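Notes follow once the structure below has been shown.
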Protein chains: 2
Amino acid sequence: MNGWLKVVGLGPGPEDWLTPEARRDLAEATDLVGYFPYVDRVPPGPQVRHASDNRVELDRARFALDLAAGGRRVAVVSGGDPGIFAMAAAIFEALDDPAAPAAWHTVPVAVDPGVSAMQAAAARAGAPLGHDFCAISLSDNLKPWDVVLKRLRLAAEADFVIALYNPISRARPWQLGAAFDALRDLRAPETPIVLGRAIGRPDEALTVTTLGAVEPSQADMRTLVIIGASHTRLVARADGGTPWVYTPRHYRG
Amino acid sequence: MNGWLKVVGLGPGPEDWLTPEARRDLAEATDLVGYFPYVDRVPPGPQVRHASDNRVELDRARFALDLAAGGRRVAVVSGGDPGIFAMAAAIFEALDDPAAPAAWHTVPVAVDPGVSAMQAAAARAGAPLGHDFCAISLSDNLKPWDVVLKRLRLAAEADFVIALYNPISRARPWQLGAAFDALRDLRAPETPIVLGRAIGRPDEALTVTTLGAVEPSQADMRTLVIIGASHTRLVARADGGTPWVYTPRHYRG
């Protein structure tokens, strides 16, 4: 009985952003559990692969805890950082259930951090997260839309840079437009917007636009959206491409 | 003239959290520029080392751009993620100066993301950043203290998990206490607090306490402070140690 459960952050995609810790834990695992595109990212090996569909995080967590309690070495794989809008919280939710089997509470658990999507998008864009910022999931599957709107308004009042996860999907087509509309009441039309689509993947795309001009159709479910603070600025690139976006460290208020 | 400038995130400390991209760029650099404890972390090699003291970020950025414009391959090293309260913003501030030499604008620049301190602390603690959160630097060197207080109050009203960077130093001894006091007016005394000190380093220490009980003296300049949201919870660990802290993905408002 040497089972364990590690929640492993794969980073945004490329091997180049996978930590040595995550690589080692994937190699030592007997079982890989996760959303199928993440399981598919792990290089071929002897591990048993348990790939599942999206939005079954709690079922997946319970399944992984069962496997580990039975003596398996289980890597629960997450894109980005498992602690940021990913699988780590679901594992602890499962453990925190009063009906959780006693055996789950004997499983050694660890979390391997990774580079999250907002960091990848920020790195490609320059340094838009260079000052105080917040990260909000735009999904209203797990919280009421009123809470999302309230947080967006308070974040704008606080003049945070705002990173939006889960901006849009087929099942949630209007929320990103509503978020932009809410922010247009509170921030200048010139406010820089970064759209980082699948950053780190072969089809990555970086768009820099403004709050006045951005359209929700420019984002998809693989896009990370960053909305600048009042002092976020643009700088020309040496190669004449998409300008750099950065938020200065200084703030005069 | 094949100079370049890369802002390289070293992560929180261990080799295990250094990305392959960062490792390669450090190896290919001719010059390392940075705050001396970060330069000291890079394994011995032929690179020329330009270590400087803290709080001279803009001077360091200009020096690095001069070197790169002169044909050197310059790695500007940062702890954690260079885009989060670190060196990347300083590089773009230097480039954005109207008095910047024209040669600086010909330098190829890139940013290598890394695991930031809040992610390391969160991973060791469980998943405290599992829901909407914000990151605030408590330093009032670069912004007025009133702005910090306003942001803390709005973040509490928004019910964000709050990660505090730069919580305390010899030159800023009272700000963390003032921040806890401001939050005590707005959040319950039972609110979980995570203090992650030097996480990833040999002397790392994790403390879990509450907003009612925490003392500023429990933190130092190497500590990352996480303040839970209203629904952040504790779960017992298998080994009976410091409890896990996590913030559920669901929020009822």
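Residues are named by chain letter and number: chains run A, B, ... in the order of the structure tokens, numbers start at 1 in each chain, and ligands are numbered from 1 in the order shown.
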Show me, as a PDB file with all heavy atoms, in the first residue's frame, the residues that have an atom within 9 Å of Ala205 in chain A when counting only C-alpha atoms, minus same-chain residues fewer than 6 positions from it.
ATOM      1  N   LEU A 195      -5.610  39.468 -25.499  1.00  0.00           N
ATOM      2  CA  LEU A 195      -6.284  38.184 -25.717  1.00  0.00           C
ATOM      3  C   LEU A 195      -5.190  37.176 -26.050  1.00  0.00           C
ATOM      4  O   LEU A 195      -4.563  37.257 -27.118  1.00  0.00           O
ATOM      5  CB  LEU A 195      -7.278  38.291 -26.881  1.00  0.00           C
ATOM      6  CG  LEU A 195      -8.353  39.385 -26.750  1.00  0.00           C
ATOM      7  CD1 LEU A 195      -9.099  39.568 -28.073  1.00  0.00           C
ATOM      8  CD2 LEU A 195      -9.331  39.040 -25.636  1.00  0.00           C
ATOM      9  N   GLY A 196      -4.941  36.274 -25.134  1.00  0.00           N
ATOM     10  CA  GLY A 196      -3.893  35.261 -25.352  1.00  0.00           C
ATOM     11  C   GLY A 196      -4.574  33.937 -25.628  1.00  0.00           C
ATOM     12  O   GLY A 196      -5.116  33.318 -24.721  1.00  0.00           O
ATOM     13  N   ARG A 197      -4.550  33.513 -26.889  1.00  0.00           N
ATOM     14  CA  ARG A 197      -5.257  32.279 -27.243  1.00  0.00           C
ATOM     15  C   ARG A 197      -4.277  31.121 -27.315  1.00  0.00           C
ATOM     16  O   ARG A 197      -3.305  31.162 -28.071  1.00  0.00           O
ATOM     17  CB  ARG A 197      -5.953  32.445 -28.595  1.00  0.00           C
ATOM     18  CG  ARG A 197      -6.756  31.216 -28.987  1.00  0.00           C
ATOM     19  CD  ARG A 197      -7.568  31.421 -30.247  1.00  0.00           C
ATOM     20  NE  ARG A 197      -8.220  30.163 -30.572  1.00  0.00           N
ATOM     21  CZ  ARG A 197      -7.611  29.131 -31.139  1.00  0.00           C
ATOM     22  NH1 ARG A 197      -6.351  29.216 -31.483  1.00  0.00           N
ATOM     23  NH2 ARG A 197      -8.281  28.007 -31.364  1.00  0.00           N
ATOM     24  N   ALA A 198      -4.509  30.077 -26.509  1.00  0.00           N
ATOM     25  CA  ALA A 198      -3.710  28.839 -26.551  1.00  0.00           C
ATOM     26  C   ALA A 198      -2.211  29.133 -26.513  1.00  0.00           C
ATOM     27  O   ALA A 198      -1.425  28.517 -27.235  1.00  0.00           O
ATOM     28  CB  ALA A 198      -4.063  28.022 -27.797  1.00  0.00           C
ATOM     29  N   ILE A 199      -1.820  30.072 -25.654  1.00  0.00           N
ATOM     30  CA  ILE A 199      -0.405  30.467 -25.596  1.00  0.00           C
ATOM     31  C   ILE A 199       0.434  29.270 -25.141  1.00  0.00           C
ATOM     32  O   ILE A 199       0.121  28.619 -24.147  1.00  0.00           O
ATOM     33  CB  ILE A 199      -0.205  31.664 -24.644  1.00  0.00           C
ATOM     34  CG1 ILE A 199      -0.961  32.900 -25.153  1.00  0.00           C
ATOM     35  CG2 ILE A 199       1.290  31.967 -24.480  1.00  0.00           C
ATOM     36  CD1 ILE A 199      -0.481  33.498 -26.452  1.00  0.00           C
TER      37      ILE A 199
END
Sort by chain and increasing residue number a table of all residues of chain A within 7 Å of chain B, each with its closest pair of atoms and their distance in Å to one decimal, counting only C-alpha atoms, and write it as a Markdown table.
| residue | atom | partner | partner_atom | distance |
| --- | --- | --- | --- | --- |
| A:Asp16 | CA | B:Glu21 | CA | 5.0 |
| A:Trp17 | CA | B:Thr19 | CA | 5.2 |
| A:Leu18 | CA | B:Thr19 | CA | 6.0 |
| A:Thr19 | CA | B:Thr19 | CA | 5.0 |
| A:Pro20 | CA | B:Asp16 | CA | 5.0 |
| A:Glu21 | CA | B:Asp16 | CA | 5.0 |
| A:Gly83 | CA | B:Ala127 | CA | 5.2 |
| A:Ile84 | CA | B:Gly130 | CA | 5.4 |
| A:Phe85 | CA | B:Gly130 | CA | 5.6 |
| A:Ala88 | CA | B:Ala127 | CA | 5.8 |
| A:Ala89 | CA | B:Ala127 | CA | 5.3 |
| A:Phe92 | CA | B:Tyr246 | CA | 6.6 |
| A:Glu93 | CA | B:Pro248 | CA | 6.5 |
| A:Asp96 | CA | B:Val235 | CA | 6.0 |
| A:His105 | CA | B:Ala238 | CA | 5.3 |
| A:Thr106 | CA | B:Ala238 | CA | 4.9 |
| A:Val107 | CA | B:Ala238 | CA | 6.3 |
| A:Pro108 | CA | B:Ala238 | CA | 6.3 |
| A:Val111 | CA | B:Ala123 | CA | 5.1 |
| A:Asp112 | CA | B:Ala123 | CA | 6.4 |
| A:Pro113 | CA | B:Ala123 | CA | 5.9 |
| A:Gly114 | CA | B:Val115 | CA | 6.0 |
| A:Val115 | CA | B:Val115 | CA | 5.6 |
| A:Gln119 | CA | B:Pro113 | CA | 6.2 |
| A:Ala120 | CA | B:Pro113 | CA | 6.3 |
| A:Ala122 | CA | B:Gly83 | CA | 6.9 |
| A:Ala123 | CA | B:Val111 | CA | 5.1 |
| A:Arg124 | CA | B:Val111 | CA | 6.8 |
| A:Gly126 | CA | B:Val111 | CA | 6.9 |
| A:Ala127 | CA | B:Gly83 | CA | 5.2 |
| A:Leu129 | CA | B:Ile84 | CA | 5.9 |
| A:Gly130 | CA | B:Ala89 | CA | 5.3 |
| A:His131 | CA | B:Phe85 | CA | 6.3 |
| A:Asp132 | CA | B:Ile136 | CA | 4.7 |
| A:Phe133 | CA | B:Ala135 | CA | 5.5 |
| A:Cys134 | CA | B:Cys134 | CA | 3.8 |
| A:Ala135 | CA | B:Phe133 | CA | 5.5 |
| A:Ile136 | CA | B:Asp132 | CA | 4.8 |
| A:Ser137 | CA | B:Asp132 | CA | 6.4 |
| A:Leu142 | CA | B:His250 | CA | 4.6 |
| A:Lys143 | CA | B:Tyr251 | CA | 4.8 |
| A:Pro144 | CA | B:Arg252 | CA | 6.8 |
| A:Val147 | CA | B:Gly253 | CA | 6.4 |
| A:Lys150 | CA | B:Ala158 | CA | 6.9 |
| A:Arg151 | CA | B:Ala158 | CA | 5.1 |
| A:Leu154 | CA | B:Leu154 | CA | 6.0 |
| A:Ala158 | CA | B:Arg151 | CA | 5.1 |
| A:Val235 | CA | B:Asp96 | CA | 6.0 |
| A:Ala238 | CA | B:Thr106 | CA | 4.9 |
| A:Tyr246 | CA | B:Ala89 | CA | 6.1 |
| A:Thr247 | CA | B:Ala89 | CA | 6.5 |
| A:Pro248 | CA | B:Ala89 | CA | 5.8 |
| A:Arg249 | CA | B:Leu142 | CA | 6.6 |
| A:His250 | CA | B:Leu142 | CA | 4.6 |
| A:Tyr251 | CA | B:Lys143 | CA | 4.8 |
| A:Arg252 | CA | B:Lys143 | CA | 5.9 |
| A:Gly253 | CA | B:Val147 | CA | 6.5 |
Quiz item: Just asking: which residues within range 3-242 of chain A are strand (DSSP E or B) according to DSSP, as an MDAnalysis selection string?
Solution: chainID A and resid 4:9 11 31:35 48:52 73:78 80 109:112 126:127 133:137 161:165 169 172 192:197 205:210 223:227 233:235
Exercise. Write down as number ranges by chain the residues of range 7-250 of chain A whose backbone DSSP state falls under helix (DSSP H, G or I).
Key: A: 15-17, 20-28, 36-41, 57-69, 87-95, 102-106, 117-125, 145-157, 175-184, 216-218
Practice problem: Between CA of Val194 in chain B and CA of Gln218 in chain B, measure the distance and give it in Å to one decimal. | Solution: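 For CA of Val194 in chain B relative to CA of Gln218 in chain B, the distance reads 10.7 Å.
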Practice problem: For each of A:Ser139, A:Asp25, A:Pro43, A:Leu5, take the minimum atom-to-atom distance to Arg55 in chain A, counting only C-alpha atoms, then give the residue where this is smallest. | Solution: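 Of A:Ser139, A:Asp25, A:Pro43, A:Leu5, the one nearest Arg55 in chain A is A:Ser139, counting only C-alpha atoms.
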